[in-house]
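Here the structure comes first, spelled out in structure tokens, and everything after it is commentary.
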Amino acid sequence: MRERIKLIAVIWLGWTIAGLFYIVQDMVPRLYSGSTVPWKYVFVGWMTGMYVCAALTPALLWLSNRWPIERRVAYIALHICFSVIFSVVASTLEVPFLLLLHVFPARTPPSLIAGVRIMLGFGLQGGVIRYWAVIALHTVYRSQKNAKSREREAFELKMQASELAQQLATAQLSSLKMQLQPHFLFNTLGAITVLIQQHKTAQAEAMVEKLGSLLRLTLEDVEVQEVPLWRELEFLRLYLSIEQVRFEDRLRVSIDAAAALSDLLVPHMVLQPIVENAVRHGLGQSEEAVTIEVSATSTNGSLTLIVADDGPGLDGPGFASPKPGHNGIGLTNTRNRLARLYGNSAHLLVEQAADRGVRVTITLPARTVPTEGVLCD
């Protein structure tokens, strides 16, 4: 309602200013030549015509929005026809008001039909000009409004990209922190020390190489928002291979992803925090062997990633509850990144597995690697 009132006020103010312009233009030559100025005829006559145009302006704005001249040149011809119709209608509506107010520009007031003929004879061109003045002003206003809208959208996209970059950096730093935390390094270096003491030099060297490769991959894609699935699984295998040395035969791993899905894009490091949760809360809270299964499938244009374990499950001690407001940092960051990257097209679901353990399902739009390479920030 406020916008409508504001629009009406702007329309009437605009036509009032136009009427005053015409009045001044009519009076100045009369005053300059010393002629008598018929103030009532000049003022009331011009303002009547302007306010008739003001009443018809909403229809002109609708026509301008319906057939915008900046989109198609053919619309100009259409508006030429509309301008003539507008001039005829405005002049016809103006006559009865002028006769009623006794300000018709003629010594002897004519009949209604004769008055229409007189007004069309003198005012047809003026009506066309006023029509095009409204269309031109509205086109300029619409162009400026669209430009501001595009600037605002560009700014919002830039802010979203900045937030994505910040979230990605946070996820990468969190991953590095997890990898480099004393507990992880202690166990990893401890496992390497045991291998050396057992004279298993080749295995110890392989362990050090895997640790170095894991850190290299973490830093290598530092500015990348999405990577191919094969790249994500390569990182995941390195991480799990180190964990398998730590937990030996207590950790079993199964990764199942068809080769046809290798080039589908996934958020960089989307699986690592999920698998890390499975290791910490599945294997870390259980004395029994735990199997972690990672699978990828694609149906109906969607890519589904599943991480499942057969550990204690959601009821196990220390598990990060999947309820809103009680997510662990890994799950929270992952949900936020999915929402930023894909909106409502991506989902993350944490649920109790059928038998035991936890099942985490991530659904993404199935998108392939563009020809110019991996999407970067």
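We name chains A, B, ... following the order of the structure tokens; residues begin at 1 in each chain, and ligands are numbered from 1 as shown.
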Contacts of segment 132-221 of chain A with segment 244-251 of chain A up to 12 Å, shortest pair per row, only C-alpha atoms, as a tab-separated table:
```
residue	atom	partner	partner_atom	distance
A:His183	CA	A:Arg246	CA	11.4
A:Phe184	CA	A:Arg246	CA	9.3
A:Leu185	CA	A:Arg246	CA	10.6
A:Phe186	CA	A:Arg246	CA	10.2
A:Asn187	CA	A:Arg246	CA	6.5
A:Thr188	CA	A:Arg246	CA	6.5
A:Leu189	CA	A:Arg246	CA	9.6
A:Gly190	CA	A:Arg246	CA	8.6
A:Ala191	CA	A:Arg246	CA	6.3
A:Ile192	CA	A:Val245	CA	8.9
A:Thr193	CA	A:Arg246	CA	11.7
A:Val194	CA	A:Arg246	CA	10.7
A:Leu195	CA	A:Val245	CA	10.0
A:Gln203	CA	A:Val245	CA	9.8
A:Ala204	CA	A:Val245	CA	10.1
A:Ala206	CA	A:Val245	CA	10.8
A:Met207	CA	A:Val245	CA	8.1
A:Val208	CA	A:Val245	CA	11.4
A:Lys210	CA	A:Val245	CA	10.8
A:Leu211	CA	A:Val245	CA	11.3
```
